[in-house]
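Structure data follow from coords.cif (mmCIF, C-alpha atoms):
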data_start
#
loop_
_atom_site.group_PDB
_atom_site.id
_atom_site.type_symbol
_atom_site.label_atom_id
_atom_site.label_comp_id
_atom_site.auth_asym_id
_atom_site.auth_seq_id
_atom_site.Cartn_x
_atom_site.Cartn_y
_atom_site.Cartn_z
ATOM 1 C CA MET A 32 7.731 -130.313 198.988
ATOM 2 C CA ASN A 33 9.621 -133.593 199.332
ATOM 3 C CA LEU A 34 6.588 -135.210 200.999
ATOM 4 C CA ILE A 35 4.313 -134.228 198.130
ATOM 5 C CA ILE A 36 6.746 -135.619 195.563
ATOM 6 C CA ARG A 37 7.041 -138.897 197.475
ATOM 7 C CA LEU A 38 3.238 -139.188 197.729
ATOM 8 C CA LEU A 39 2.874 -138.573 193.985
ATOM 9 C CA ILE A 40 5.537 -141.188 193.250
ATOM 10 C CA ASN A 41 3.746 -143.663 195.521
ATOM 11 C CA ALA A 42 0.446 -142.838 193.834
ATOM 12 C CA LEU A 43 2.041 -143.504 190.453
ATOM 13 C CA ALA A 44 3.279 -146.871 191.737
ATOM 14 C CA VAL A 45 -0.205 -147.752 193.029
ATOM 15 C CA PHE A 46 -1.768 -146.710 189.717
ATOM 16 C CA VAL A 47 0.691 -148.767 187.652
ATOM 17 C CA LEU A 48 0.330 -151.872 189.815
ATOM 18 C CA ALA A 49 -3.461 -151.619 189.794
ATOM 19 C CA HIS A 50 -3.362 -151.882 186.010
ATOM 20 C CA ILE A 51 -0.838 -154.732 186.003
ATOM 21 C CA LEU A 52 -2.310 -156.985 188.697
ATOM 22 C CA ASN A 53 -5.678 -158.608 188.092
ATOM 23 C CA GLY A 54 -6.966 -158.549 191.684
ATOM 24 C CA VAL A 55 -6.246 -154.870 192.397
ATOM 25 C CA THR A 56 -8.500 -152.024 191.282
ATOM 26 C CA VAL A 57 -8.249 -148.283 191.763
ATOM 27 C CA ASP A 58 -10.587 -145.570 190.479
ATOM 28 C CA GLY A 59 -8.340 -143.272 188.481
ATOM 29 C CA TYR A 60 -5.283 -141.309 189.445
ATOM 30 C CA LEU A 61 -7.101 -139.328 192.137
ATOM 31 C CA GLY A 62 -8.026 -142.637 193.749
ATOM 32 C CA ALA A 63 -4.364 -143.667 193.602
ATOM 33 C CA ILE A 64 -3.372 -140.432 195.363
ATOM 34 C CA ILE A 65 -5.934 -141.141 198.088
ATOM 35 C CA VAL A 66 -4.603 -144.695 198.437
ATOM 36 C CA ALA A 67 -1.043 -143.372 198.740
ATOM 37 C CA ILE A 68 -2.095 -140.918 201.459
ATOM 38 C CA VAL A 69 -4.072 -143.527 203.407
ATOM 39 C CA LEU A 70 -1.220 -146.053 203.145
ATOM 40 C CA ALA A 71 1.213 -143.440 204.429
ATOM 41 C CA ILE A 72 -1.043 -142.684 207.399
ATOM 42 C CA LEU A 73 -1.593 -146.380 208.156
ATOM 43 C CA ASN A 74 2.141 -147.059 207.924
ATOM 44 C CA LEU A 75 2.740 -144.176 210.302
ATOM 45 C CA LEU A 76 0.091 -145.026 212.904
ATOM 46 C CA VAL A 77 -0.937 -148.689 212.693
ATOM 47 C CA LYS A 78 2.142 -150.492 211.426
ATOM 48 C CA PRO A 79 4.421 -149.701 214.422
ATOM 49 C CA ILE A 80 1.777 -151.061 216.788
ATOM 50 C CA LEU A 81 1.438 -154.259 214.762
ATOM 51 C CA VAL A 82 5.209 -154.667 214.562
ATOM 52 C CA VAL A 83 5.573 -154.386 218.343
ATOM 53 C CA LEU A 84 2.665 -156.743 219.018
ATOM 54 C CA THR A 85 3.984 -159.378 216.619
ATOM 55 C CA LEU A 86 7.665 -159.032 217.493
ATOM 56 C CA PRO A 87 8.106 -162.641 218.725
ATOM 57 C CA ILE A 88 6.694 -164.184 215.547
ATOM 58 C CA THR A 89 8.663 -161.701 213.442
ATOM 59 C CA VAL A 90 11.881 -162.791 215.138
ATOM 60 C CA VAL A 91 11.042 -166.490 214.716
ATOM 61 C CA THR A 92 10.320 -166.031 211.003
ATOM 62 C CA LEU A 93 13.460 -163.911 210.564
ATOM 63 C CA GLY A 94 11.435 -160.857 209.557
ATOM 64 C CA LEU A 95 9.250 -162.518 206.935
ATOM 65 C CA PHE A 96 6.153 -161.847 209.025
ATOM 66 C CA LEU A 97 6.606 -158.165 208.158
ATOM 67 C CA LEU A 98 5.355 -159.084 204.678
ATOM 68 C CA VAL A 99 2.140 -160.329 206.281
ATOM 69 C CA ILE A 100 1.830 -157.070 208.230
ATOM 70 C CA ASN A 101 2.250 -155.113 204.981
ATOM 71 C CA ALA A 102 -0.475 -157.214 203.352
ATOM 72 C CA LEU A 103 -2.764 -156.560 206.326
ATOM 73 C CA ILE A 104 -2.152 -152.820 205.967
ATOM 74 C CA ILE A 105 -3.115 -153.082 202.275
ATOM 75 C CA LEU A 106 -6.301 -154.974 203.191
ATOM 76 C CA LEU A 107 -7.138 -152.362 205.827
ATOM 77 C CA ALA A 108 -6.724 -149.632 203.204
ATOM 78 C CA ASP A 109 -9.045 -151.664 200.966
ATOM 79 C CA LYS A 110 -11.717 -151.574 203.671
ATOM 80 C CA LEU A 111 -11.266 -147.845 204.309
ATOM 81 C CA ILE A 112 -11.258 -146.589 200.693
ATOM 82 C CA ASP A 113 -14.251 -147.084 198.394
ATOM 83 C CA GLY A 114 -12.351 -146.630 195.120
ATOM 84 C CA PHE A 115 -9.663 -149.186 195.970
ATOM 85 C CA GLY A 116 -10.095 -152.939 195.929
ATOM 86 C CA VAL A 117 -7.922 -155.969 196.573
ATOM 87 C CA ALA A 118 -9.280 -159.437 195.790
ATOM 88 C CA ASN A 119 -7.705 -161.514 198.583
ATOM 89 C CA PHE A 120 -4.811 -161.844 201.001
ATOM 90 C CA TRP A 121 -2.385 -163.328 198.457
ATOM 91 C CA THR A 122 -3.067 -160.514 196.018
ATOM 92 C CA ALA A 123 -2.459 -158.018 198.824
ATOM 93 C CA LEU A 124 0.818 -159.767 199.672
ATOM 94 C CA LEU A 125 1.987 -159.676 196.052
ATOM 95 C CA PHE A 126 0.804 -156.059 195.723
ATOM 96 C CA SER A 127 2.737 -155.006 198.829
ATOM 97 C CA VAL A 128 5.959 -156.656 197.637
ATOM 98 C CA LEU A 129 5.687 -155.209 194.133
ATOM 99 C CA LEU A 130 4.686 -151.810 195.531
ATOM 100 C CA SER A 131 7.803 -151.714 197.697
ATOM 101 C CA ILE A 132 10.026 -152.622 194.766
ATOM 102 C CA LEU A 133 8.373 -150.116 192.407
ATOM 103 C CA GLN A 134 8.496 -147.339 195.021
ATOM 104 C CA TRP A 135 12.196 -147.987 195.530
ATOM 105 C CA LEU A 136 12.840 -147.864 191.774
ATOM 106 C CA LEU A 137 10.810 -144.706 191.198
ATOM 107 C CA GLN A 138 12.280 -142.891 194.193
ATOM 108 C CA SER A 139 15.802 -143.761 193.094
ATOM 109 C CA ILE A 140 15.044 -142.361 189.633
ATOM 110 C CA PHE A 141 13.459 -139.129 190.908
ATOM 111 C CA LYS A 142 15.820 -138.673 193.834
ATOM 112 C CA GLU A 143 17.154 -135.174 194.343
ATOM 113 C CA ASP A 144 20.875 -134.661 194.790
ATOM 114 C CA LYS A 145 21.636 -133.371 198.269
ATOM 115 C CA LYS A 146 24.457 -130.896 198.546
#
File written out as structure tokens:
Amino acid sequence: MNLIIRLLINALAVFVLAHILNGVTVDGYLGAIIVAIVLAILNLLVKPILVVLTLPITVVTLGLFLLVINALIILLADKLIDGFGVANFWTALLFSVLLSILQWLLQSIFKEDKK
């Protein structure tokens, strides 16, 4: 149940940011749910491999290269999903930063109290 709630929150964040940013498009809320699912899968499978492969440059840049990896994941999702579009790398970078911030805000608002 918690996974479904988190995916819906992430889909809401994708939907909101697609309407705010000029270079990002998504086809409706169902498209945002698909984007949230694909991003979750890519973050689970592809991102750890990229992080390990780029560890030296990540250390040299004090972790800022992780922002580039996030933007690459967004661009990969753009290529995989027909109803989702990102204009360029810089838009993907801005989208990934704003998506992280908005996800954090929304998840802190809808967070369940653990007893």
Please determine an axis-aligned box that encloses all atoms of region 120-139 of chain A listed in the file, with 4 Å added on each side, and express its centre and edge lengths in Å to one decimal as JSON.
{"center_x": 5.5, "center_y": -153.1, "center_z": 196.1, "size_x": 28.6, "size_y": 28.4, "size_z": 17.8}
At what distance in Å, to one decimal, does CA of Val77 (chain A) lie from CA of Trp135 (chain A)? 21.6 Å
Would you be able to write out as a PyMOL selection string which residues have an atom within 9 Å of (4.5, -150.8, 199.6) in the file's coordinates, counting all atoms listed in the file? chain A and resi 41+44-45+70+101-102+105+126-134
Report as number ranges by chain the residues that result from applying the PyMOL selection byres ((chain A and resi 104) around 12) to the structure here. A: 66-67, 69-82, 97-103, 105-111, 117, 120, 123-124, 126-127
Output the selection as an mmCIF file, in the coordinates of the input - C-alpha atoms for each residue.
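Result file again01.cif:
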data_model
loop_
_atom_site.group_PDB
_atom_site.id
_atom_site.type_symbol
_atom_site.label_atom_id
_atom_site.label_comp_id
_atom_site.auth_asym_id
_atom_site.auth_seq_id
_atom_site.Cartn_x
_atom_site.Cartn_y
_atom_site.Cartn_z
ATOM 1 C CA VAL A 66 -4.603 -144.695 198.437
ATOM 2 C CA ALA A 67 -1.043 -143.372 198.740
ATOM 3 C CA VAL A 69 -4.072 -143.527 203.407
ATOM 4 C CA LEU A 70 -1.220 -146.053 203.145
ATOM 5 C CA ALA A 71 1.213 -143.440 204.429
ATOM 6 C CA ILE A 72 -1.043 -142.684 207.399
ATOM 7 C CA LEU A 73 -1.593 -146.380 208.156
ATOM 8 C CA ASN A 74 2.141 -147.059 207.924
ATOM 9 C CA LEU A 75 2.740 -144.176 210.302
ATOM 10 C CA LEU A 76 0.091 -145.026 212.904
ATOM 11 C CA VAL A 77 -0.937 -148.689 212.693
ATOM 12 C CA LYS A 78 2.142 -150.492 211.426
ATOM 13 C CA PRO A 79 4.421 -149.701 214.422
ATOM 14 C CA ILE A 80 1.777 -151.061 216.788
ATOM 15 C CA LEU A 81 1.438 -154.259 214.762
ATOM 16 C CA VAL A 82 5.209 -154.667 214.562
ATOM 17 C CA LEU A 97 6.606 -158.165 208.158
ATOM 18 C CA LEU A 98 5.355 -159.084 204.678
ATOM 19 C CA VAL A 99 2.140 -160.329 206.281
ATOM 20 C CA ILE A 100 1.830 -157.070 208.230
ATOM 21 C CA ASN A 101 2.250 -155.113 204.981
ATOM 22 C CA ALA A 102 -0.475 -157.214 203.352
ATOM 23 C CA LEU A 103 -2.764 -156.560 206.326
ATOM 24 C CA ILE A 105 -3.115 -153.082 202.275
ATOM 25 C CA LEU A 106 -6.301 -154.974 203.191
ATOM 26 C CA LEU A 107 -7.138 -152.362 205.827
ATOM 27 C CA ALA A 108 -6.724 -149.632 203.204
ATOM 28 C CA ASP A 109 -9.045 -151.664 200.966
ATOM 29 C CA LYS A 110 -11.717 -151.574 203.671
ATOM 30 C CA LEU A 111 -11.266 -147.845 204.309
ATOM 31 C CA VAL A 117 -7.922 -155.969 196.573
ATOM 32 C CA PHE A 120 -4.811 -161.844 201.001
ATOM 33 C CA ALA A 123 -2.459 -158.018 198.824
ATOM 34 C CA LEU A 124 0.818 -159.767 199.672
ATOM 35 C CA PHE A 126 0.804 -156.059 195.723
ATOM 36 C CA SER A 127 2.737 -155.006 198.829
#
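Using only C-alpha atoms, the smallest distance between any of A:Thr56, A:Ile35, A:Thr92, A:Leu137 and Thr122 (chain A) comes from A:Thr56.
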Gap from CA of Gln138 (chain A) to CA of Arg37 (chain A) - Å, one decimal: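 Interatomic distance here is 7.4 Å.
With all atoms listed in the file as the atoms that count, the residue of A:Ile112, A:Thr85, A:Leu125, A:Leu136 with the shortest distance to Leu52 (chain A) is A:Leu125.
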d(CA of Leu95 (chain A), CA of Asn119 (chain A)) in Å: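 That distance, rounded to one decimal, is 18.9 Å.
Compared by their closest atoms to Val57 (chain A), and using all atoms listed in the file, the residues A:Leu34, A:Leu86, A:Ile40, A:Ala118 rank with A:Ala118 nearest.
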Give me, as a ChimeraX atom specification, all polymer residues having an atom no more than 10 Å from Pro87 (chain A), counting all atoms listed in the file and skipping those fewer than 6 positions away in the same chain. /A:93-94,96
Matched chain/residue IDs from the PyMOL selection byres ((chain A and resi 114) around 7), as a ChimeraX atom specification: /A:57-58,62,112-113,115-116
